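These notes are about the structure you will find just below.
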Amino acid sequence: MTRDWPSPSATVRELFRRGAEIALDPRADWVAELHRASLSGAGMRPVAEDPVLAEATRRANLANLLHWAAANVQRPGERVPVDLGPEVLEASRDLVRRGLDHSGLDAYRTAQGVAWRRWMEICFRLTEDPGELRELLDVSALSITTFIDDTVAAVSARMSAERAELTRGAHAERRAAVSLLLEGAPLGRARAEAQLGYGLTGPHTAVIVWGGSGPGVSEQLEAAAEATMRASGAARRLTVVAGATALWVWLPVGRAPEVDAVAAGLSTAPDVRVAIGRPGTDVDGFRRSHLDAATTQQMLARLTSPQQVARHEDVQLVALLTSQPTRADEFLADTLGGLLGADPETQLMVLTYVRELGNATRTAQRLYTHRNTVLRRLARADELLPRPLADDVLAVAAALEVLRWRGRAG
């Protein structure tokens with residue numbers, strides 16, 4: 001039985017409108033808390049660990065918050081209609097494609113708890129009158145709960161339709177076969193190859209292509225996948241649509257393409273990122289190379305790295321060092337001391353010097369500078385470091401490599 005919607009007093013409607021205006025421009029820490037909560041549920045770990053799914057979930061939750069607030073600015077206290085905009089639809093499609101649709105719905109409930117706490121803070125600032133506050137909170141609780149319930153029901157229905165669509169045709173068979181292979185399920189090689197249209201014997205290099213936005217995102221992803229294939233020298237590729245903004249690609253080559261060669265082909269897809277796994281052989285290599293590419297993708301997202309292309313073999317140490325962000329920050333501070341806040345030129349000088357095995361002349365040549373400049377900056381670095389560079393060269397090099405992937409130290 002549907003509950004009759006209350007009709008708030010004129011005073012409470014005005015309070016609701018004023019509160020919604022505040023919520024329509026949420027503080028950055030509120031949004032950050034909303035995102036943390038939405039990705040922290042027990043079943044959300046696979047979503048939180050995937051940069052594409054996590055970002056889609058963030059966009060969907062923020063879109064829902066802003067839609068609810070905007071509706072209450074226009075019609076304060078009235079029932080807010082569901083708005084399955086592009087952010088919400090893309091998130092639901094991506095979750096269904098990965099078989100994580102039930103987990104994704106948890107995000108709406110956890111986000112609801114954060115939104116309610118923050119909304120109560122707003123309400124308590126709007127009025128001190130007990131009667132007005134009680135009425136405002138009663139209507140607010142009904143409004144938020146109903147909006148989330150309606151949204152979850154609408155998203156669930158959309159997911160069911162998407163799931164039915166995905167179970168039909170060759171693309172569905174390909175996605176299912178890849179999922180089984182990645183999970184290590186006992187899928188016969190001949191059957192898998194028939195479903196994939198791709199041979200599993202021999203070398204494989206896996207690639208994840210993701211990012212982009214707007215109506216041309218599919219074309220950008222495809223262009224990036226094609227550029228990566230050309231850079232590898234492969235004549236064909238296996239491509240699986242992993243979401244609205246992600247492709248999983250396998251190339252039948254035993255050597256990962258060079259980063260510069262891939263990047264050179266991305267001029268038409270400047271917002272797309274490419275993560276490349278280590279080459280592997282046969283079914284185990286097919287699986288492992290993809291997991292390497294996923295680890296590389298996660299590292300780029302975790303560090304908010306400006307790098308557009310990365311190979312696992314180039315970032316393996318950095319990915320390991322930064323798998324726990326808090327511990328990574330402690331490592332950087334303990335290892336670099338004052339060099340952590342030094343100018344990028346000095347950081348780059350030290351990193352290049354280590355790469356050149358302590359040869360100041362080669363360092364100067366690599367950086368197109370004078371040898372005396374190298375020596376002067378090295379002396380400055382020794383003053384900033386907690387321990388002399390010569391006594392801690394490996395740790396300092398590793399720390400500066402982390403900074404490089406964060407967009408500093410060259």
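Each chain of the structure tokens is named A, B, ... in the order shown, its residues numbered from 1; ligands are numbered from 1 in display order.
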Compile the contact shell of region 7-17 of chain A as a PDB file with N, CA and C atoms, in the first residue's frame: residues with an atom at most 12 Å away, counting only C-alpha atoms, same-chain residues fewer than 4 positions apart removed.
```pdb
ATOM      1  N   GLU A  21      19.589  23.909  -1.620  1.00  0.00           N
ATOM      2  CA  GLU A  21      20.548  24.780  -2.296  1.00  0.00           C
ATOM      3  C   GLU A  21      21.961  24.539  -1.758  1.00  0.00           C
ATOM      4  N   ILE A  22      22.052  24.315  -0.454  1.00  0.00           N
ATOM      5  CA  ILE A  22      23.365  24.007   0.133  1.00  0.00           C
ATOM      6  C   ILE A  22      23.858  22.656  -0.372  1.00  0.00           C
ATOM      7  N   ALA A  23      22.971  21.666  -0.391  1.00  0.00           N
ATOM      8  CA  ALA A  23      23.350  20.327  -0.840  1.00  0.00           C
ATOM      9  C   ALA A  23      23.703  20.288  -2.320  1.00  0.00           C
ATOM     10  N   LEU A  24      23.164  21.229  -3.072  1.00  0.00           N
ATOM     11  CA  LEU A  24      23.432  21.275  -4.507  1.00  0.00           C
ATOM     12  C   LEU A  24      24.871  21.693  -4.792  1.00  0.00           C
ATOM     13  N   TRP A  68      18.681  14.832  -6.587  1.00  0.00           N
ATOM     14  CA  TRP A  68      17.767  14.971  -5.456  1.00  0.00           C
ATOM     15  C   TRP A  68      17.749  16.404  -4.943  1.00  0.00           C
ATOM     16  N   ALA A  69      18.915  17.012  -4.839  1.00  0.00           N
ATOM     17  CA  ALA A  69      18.984  18.387  -4.346  1.00  0.00           C
ATOM     18  C   ALA A  69      18.315  19.358  -5.319  1.00  0.00           C
ATOM     19  N   ALA A  70      18.590  19.206  -6.608  1.00  0.00           N
ATOM     20  CA  ALA A  70      17.998  20.114  -7.602  1.00  0.00           C
ATOM     21  C   ALA A  70      16.480  20.001  -7.610  1.00  0.00           C
ATOM     22  N   ALA A  71      15.966  18.775  -7.479  1.00  0.00           N
ATOM     23  CA  ALA A  71      14.514  18.594  -7.464  1.00  0.00           C
ATOM     24  C   ALA A  71      13.882  19.291  -6.271  1.00  0.00           C
ATOM     25  N   ASN A  72      14.573  19.288  -5.137  1.00  0.00           N
ATOM     26  CA  ASN A  72      14.020  19.928  -3.941  1.00  0.00           C
ATOM     27  C   ASN A  72      14.218  21.435  -3.922  1.00  0.00           C
ATOM     28  N   VAL A  73      15.102  21.934  -4.741  1.00  0.00           N
ATOM     29  CA  VAL A  73      15.163  23.384  -4.923  1.00  0.00           C
ATOM     30  C   VAL A  73      13.933  23.840  -5.700  1.00  0.00           C
ATOM     31  N   GLN A  74      13.569  23.049  -6.713  1.00  0.00           N
ATOM     32  CA  GLN A  74      12.431  23.407  -7.553  1.00  0.00           C
ATOM     33  C   GLN A  74      11.093  23.105  -6.877  1.00  0.00           C
ATOM     34  N   ARG A  75      10.995  21.914  -6.232  1.00  0.00           N
ATOM     35  CA  ARG A  75       9.735  21.497  -5.615  1.00  0.00           C
ATOM     36  C   ARG A  75      10.042  20.917  -4.232  1.00  0.00           C
ATOM     37  N   PRO A  76      10.348  21.789  -3.280  1.00  0.00           N
ATOM     38  CA  PRO A  76      10.815  21.321  -1.972  1.00  0.00           C
ATOM     39  C   PRO A  76       9.811  20.440  -1.247  1.00  0.00           C
ATOM     40  N   GLY A  77      10.313  19.296  -0.793  1.00  0.00           N
ATOM     41  CA  GLY A  77       9.492  18.399   0.004  1.00  0.00           C
ATOM     42  C   GLY A  77       8.631  17.451  -0.780  1.00  0.00           C
ATOM     43  N   GLU A  78       8.584  17.592  -2.108  1.00  0.00           N
ATOM     44  CA  GLU A  78       7.778  16.683  -2.913  1.00  0.00           C
ATOM     45  C   GLU A  78       8.580  15.415  -3.227  1.00  0.00           C
ATOM     46  N   ARG A  79       7.870  14.376  -3.636  1.00  0.00           N
ATOM     47  CA  ARG A  79       8.542  13.125  -3.997  1.00  0.00           C
ATOM     48  C   ARG A  79       9.439  13.356  -5.210  1.00  0.00           C
ATOM     49  N   TRP A 119      22.811  15.675   5.584  1.00  0.00           N
ATOM     50  CA  TRP A 119      21.585  16.455   5.466  1.00  0.00           C
ATOM     51  C   TRP A 119      21.090  16.886   6.840  1.00  0.00           C
ATOM     52  N   MET A 120      21.195  16.024   7.840  1.00  0.00           N
ATOM     53  CA  MET A 120      20.794  16.413   9.194  1.00  0.00           C
ATOM     54  C   MET A 120      21.629  17.582   9.699  1.00  0.00           C
ATOM     55  N   ILE A 122      22.823  19.944   7.918  1.00  0.00           N
ATOM     56  CA  ILE A 122      22.257  21.128   7.264  1.00  0.00           C
ATOM     57  C   ILE A 122      20.966  21.548   7.956  1.00  0.00           C
ATOM     58  N   CYS A 123      20.101  20.580   8.232  1.00  0.00           N
ATOM     59  CA  CYS A 123      18.807  20.887   8.844  1.00  0.00           C
ATOM     60  C   CYS A 123      18.971  21.565  10.206  1.00  0.00           C
ATOM     61  N   PHE A 124      19.921  21.091  11.006  1.00  0.00           N
ATOM     62  CA  PHE A 124      20.112  21.673  12.334  1.00  0.00           C
ATOM     63  C   PHE A 124      20.665  23.092  12.261  1.00  0.00           C
ATOM     64  N   ARG A 125      21.244  23.454  11.124  1.00  0.00           N
ATOM     65  CA  ARG A 125      21.712  24.833  10.955  1.00  0.00           C
ATOM     66  C   ARG A 125      20.603  25.746  10.435  1.00  0.00           C
ATOM     67  N   LEU A 126      19.554  25.162   9.881  1.00  0.00           N
ATOM     68  CA  LEU A 126      18.498  25.964   9.258  1.00  0.00           C
ATOM     69  C   LEU A 126      17.500  26.518  10.266  1.00  0.00           C
ATOM     70  N   THR A 127      17.251  25.763  11.326  1.00  0.00           N
ATOM     71  CA  THR A 127      16.243  26.211  12.299  1.00  0.00           C
ATOM     72  C   THR A 127      16.532  25.622  13.673  1.00  0.00           C
ATOM     73  N   GLU A 128      16.150  26.381  14.692  1.00  0.00           N
ATOM     74  CA  GLU A 128      16.251  25.890  16.063  1.00  0.00           C
ATOM     75  C   GLU A 128      14.876  25.632  16.659  1.00  0.00           C
ATOM     76  N   ASP A 129      13.847  25.856  15.867  1.00  0.00           N
ATOM     77  CA  ASP A 129      12.482  25.628  16.336  1.00  0.00           C
ATOM     78  C   ASP A 129      12.203  24.121  16.346  1.00  0.00           C
ATOM     79  N   PRO A 130      11.882  23.525  17.499  1.00  0.00           N
ATOM     80  CA  PRO A 130      11.696  22.064  17.577  1.00  0.00           C
ATOM     81  C   PRO A 130      10.621  21.541  16.642  1.00  0.00           C
ATOM     82  N   GLY A 131       9.511  22.267  16.527  1.00  0.00           N
ATOM     83  CA  GLY A 131       8.424  21.815  15.672  1.00  0.00           C
ATOM     84  C   GLY A 131       8.819  21.824  14.206  1.00  0.00           C
ATOM     85  N   GLU A 132       9.433  22.914  13.779  1.00  0.00           N
ATOM     86  CA  GLU A 132       9.880  23.000  12.386  1.00  0.00           C
ATOM     87  C   GLU A 132      10.924  21.921  12.081  1.00  0.00           C
ATOM     88  N   LEU A 133      11.856  21.735  13.015  1.00  0.00           N
ATOM     89  CA  LEU A 133      12.918  20.762  12.800  1.00  0.00           C
ATOM     90  C   LEU A 133      12.356  19.342  12.705  1.00  0.00           C
ATOM     91  N   ARG A 134      11.385  19.035  13.583  1.00  0.00           N
ATOM     92  CA  ARG A 134      10.790  17.696  13.553  1.00  0.00           C
ATOM     93  C   ARG A 134      10.093  17.455  12.217  1.00  0.00           C
ATOM     94  N   GLU A 135       9.317  18.422  11.778  1.00  0.00           N
ATOM     95  CA  GLU A 135       8.609  18.266  10.504  1.00  0.00           C
ATOM     96  C   GLU A 135       9.592  18.162   9.346  1.00  0.00           C
ATOM     97  N   LEU A 136      10.630  18.988   9.370  1.00  0.00           N
ATOM     98  CA  LEU A 136      11.624  18.975   8.296  1.00  0.00           C
ATOM     99  C   LEU A 136      12.337  17.616   8.221  1.00  0.00           C
ATOM    100  N   LEU A 137      12.717  17.088   9.385  1.00  0.00           N
ATOM    101  CA  LEU A 137      13.411  15.802   9.400  1.00  0.00           C
ATOM    102  C   LEU A 137      12.497  14.653   8.987  1.00  0.00           C
ATOM    103  N   ASP A 138      11.228  14.714   9.391  1.00  0.00           N
ATOM    104  CA  ASP A 138      10.285  13.664   9.003  1.00  0.00           C
ATOM    105  C   ASP A 138      10.123  13.602   7.487  1.00  0.00           C
ATOM    106  N   VAL A 139       9.888  14.765   6.886  1.00  0.00           N
ATOM    107  CA  VAL A 139       9.718  14.805   5.436  1.00  0.00           C
ATOM    108  C   VAL A 139      11.025  14.424   4.737  1.00  0.00           C
ATOM    109  N   SER A 140      12.157  14.877   5.284  1.00  0.00           N
ATOM    110  CA  SER A 140      13.457  14.570   4.680  1.00  0.00           C
ATOM    111  C   SER A 140      13.730  13.071   4.681  1.00  0.00           C
ATOM    112  N   ALA A 141      13.468  12.425   5.823  1.00  0.00           N
ATOM    113  CA  ALA A 141      13.717  10.980   5.913  1.00  0.00           C
ATOM    114  C   ALA A 141      12.884  10.234   4.884  1.00  0.00           C
ATOM    115  N   LEU A 142      11.613  10.616   4.757  1.00  0.00           N
ATOM    116  CA  LEU A 142      10.752   9.966   3.773  1.00  0.00           C
ATOM    117  C   LEU A 142      11.259  10.235   2.360  1.00  0.00           C
ATOM    118  N   SER A 143      11.674  11.482   2.095  1.00  0.00           N
ATOM    119  CA  SER A 143      12.129  11.855   0.758  1.00  0.00           C
ATOM    120  C   SER A 143      13.379  11.080   0.354  1.00  0.00           C
TER     121      SER A 143
END
```
As a ChimeraX atom specification, please: the residues near region 229-239 of chain A (cut-off 9 Å, only C-alpha atoms, same-chain neighbours under 5 positions excluded). /A:196-198,224,247-253,255-259,261-262,264-265
Could you give me the residues within region 11-186 of chain A that DSSP places in helix (DSSP H, G or I), as a PyMOL selection string? chain A and resi 11-23+28-38+45-48+51-74+86-97+101-126+130-166+169-183
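Using only C-alpha atoms for every distance, the candidate list A:Ala397, A:Leu34, A:Leu200, A:Asp149 yields A:Ala397 as the residue closest to Glu356 (chain A).
If you look at CA of Val240 (chain A) and CA of Ser267 (chain A), they are 22.7 Å away from each other.
Nearest to Leu321 (chain A) of all the residues A:Glu55, A:Val207, A:Ala399, A:Arg45 is A:Ala399, counting only C-alpha atoms.
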Go ahead and compute the interatomic distance for CA of Trp210 (chain A) and CA of Gly184 (chain A), in Å to one decimal.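 CA of Gly184 (chain A) lies at a distance of 24.1 Å from CA of Trp210 (chain A).
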Contact residues around Gly85 (chain A) with only C-alpha atoms at 9 Å, ignoring same-chain residues under 3 positions, as a list in words: Ala60, Ala63, Asn64, Val88, Leu89 and Glu90 of chain A
So that I have them on file, write out the residues from the current selection with C-alpha atoms, as a CSV table (one decimal), in the first residue's frame.
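Produced file result-v6.csv, reproduced below:
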```
chain,number,residue,atom,x,y,z
A,60,ALA,CA,26.4,7.7,-10.3
A,63,ALA,CA,24.6,12.5,-10.0
A,64,ASN,CA,21.9,11.0,-7.7
A,88,VAL,CA,23.6,5.9,-13.5
A,89,LEU,CA,23.0,3.9,-16.7
A,90,GLU,CA,26.7,3.6,-17.5
```
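Of the listed residues A:Leu351, A:Val272, A:Ala364, A:Pro46, the one whose atoms come nearest to Gly216 (chain A) is A:Val272, with distances taken using only C-alpha atoms.
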What's around Glu162 (chain A) at 9 Å? Count only C-alpha atoms, leave out sequence neighbours fewer than 5 positions away in its own chain, and write the answer as number ranges by chain. A: 92-93, 96-97, 157, 167
Would you mind exporting C-alpha atoms of the selected residues as a PDB file, in the first residue's frame?
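Result saved to again-v2.pdb:
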```pdb
ATOM      1  CA  SER A  92      24.726  -0.231 -14.067  1.00  0.00           C
ATOM      2  CA  ARG A  93      25.788  -1.510 -17.499  1.00  0.00           C
ATOM      3  CA  VAL A  96      26.268  -6.179 -15.220  1.00  0.00           C
ATOM      4  CA  ARG A  97      29.019  -6.770 -17.772  1.00  0.00           C
ATOM      5  CA  ALA A 157      14.994  -3.346 -13.608  1.00  0.00           C
ATOM      6  CA  THR A 167      23.056 -13.313 -22.708  1.00  0.00           C
TER       7      THR A 167
END
```
Report the residues of region 86-326 of chain A whose backbone DSSP state falls under strand (DSSP E or B), written as a PyMOL selection string. chain A and resi 203-211+238-243+246-251+272-276+280-281+309-311
Spatial neighbours of Leu180 (chain A), max dist 12 Å, only C-alpha atoms, sep filter under 5 positions, as a list in words: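 Neighbouring residues, sequence-local ones excluded: Arg98, Gly99, Glu173, Arg174, Arg175, Ala185, Pro186, Leu187, Gly188, Arg189, Arg191, Ala192, Gln195, Leu196, Val283, Phe286 and Arg287 of chain A.
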Please, which residues in region 292-344 of chain A fall within 10 Å of region 374-392 of chain A when counting only C-alpha atoms, and what is the closest atom pair and distance in Å to one decimal for each, ordered by chain then residue number, as CSV?
```
residue,atom,partner,partner_atom,distance
A:Ala333,CA,A:Pro386,CA,9.5
A:Asp334,CA,A:Pro386,CA,7.6
A:Thr335,CA,A:Pro386,CA,6.9
A:Leu336,CA,A:Leu385,CA,5.4
A:Gly337,CA,A:Leu385,CA,5.3
A:Gly338,CA,A:Leu384,CA,4.6
A:Leu339,CA,A:Leu384,CA,5.2
A:Leu340,CA,A:Leu384,CA,8.6
A:Gly341,CA,A:Leu384,CA,9.3
A:Ala342,CA,A:Leu384,CA,8.2
```
At a cut-off of 9 Å, using only C-alpha atoms, what residues contact region 219-222 of chain A? Leave out same-chain residues fewer than 5 positions from it and give the result as a PyMOL selection string. chain A and resi 209-213+227+245-247+266+268-273
Write the selection just made, keeping C-alpha atoms, as a short mmCIF file (atom, residue, chain, number, x, y, z; two decimals), in the first residue's frame?
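Contents of again-v1.cif, freshly written:
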```
data_model
loop_
_atom_site.label_atom_id
_atom_site.label_comp_id
_atom_site.auth_asym_id
_atom_site.auth_seq_id
_atom_site.Cartn_x
_atom_site.Cartn_y
_atom_site.Cartn_z
CA VAL A 209 42.20 0.42 -22.47
CA TRP A 210 39.97 2.75 -20.49
CA GLY A 211 38.90 6.34 -19.90
CA GLY A 212 37.51 8.94 -22.19
CA SER A 213 34.14 10.64 -21.95
CA ALA A 227 47.13 1.91 -31.99
CA THR A 245 34.56 3.13 -20.90
CA ALA A 246 36.83 0.07 -20.94
CA LEU A 247 38.12 -2.60 -23.31
CA LEU A 266 46.91 8.07 -29.19
CA THR A 268 43.01 11.03 -31.44
CA ALA A 269 42.32 9.64 -27.95
CA PRO A 270 44.01 12.04 -25.50
CA ASP A 271 41.78 11.05 -22.56
CA VAL A 272 42.26 7.30 -22.95
CA ARG A 273 44.75 5.35 -20.81
#
```
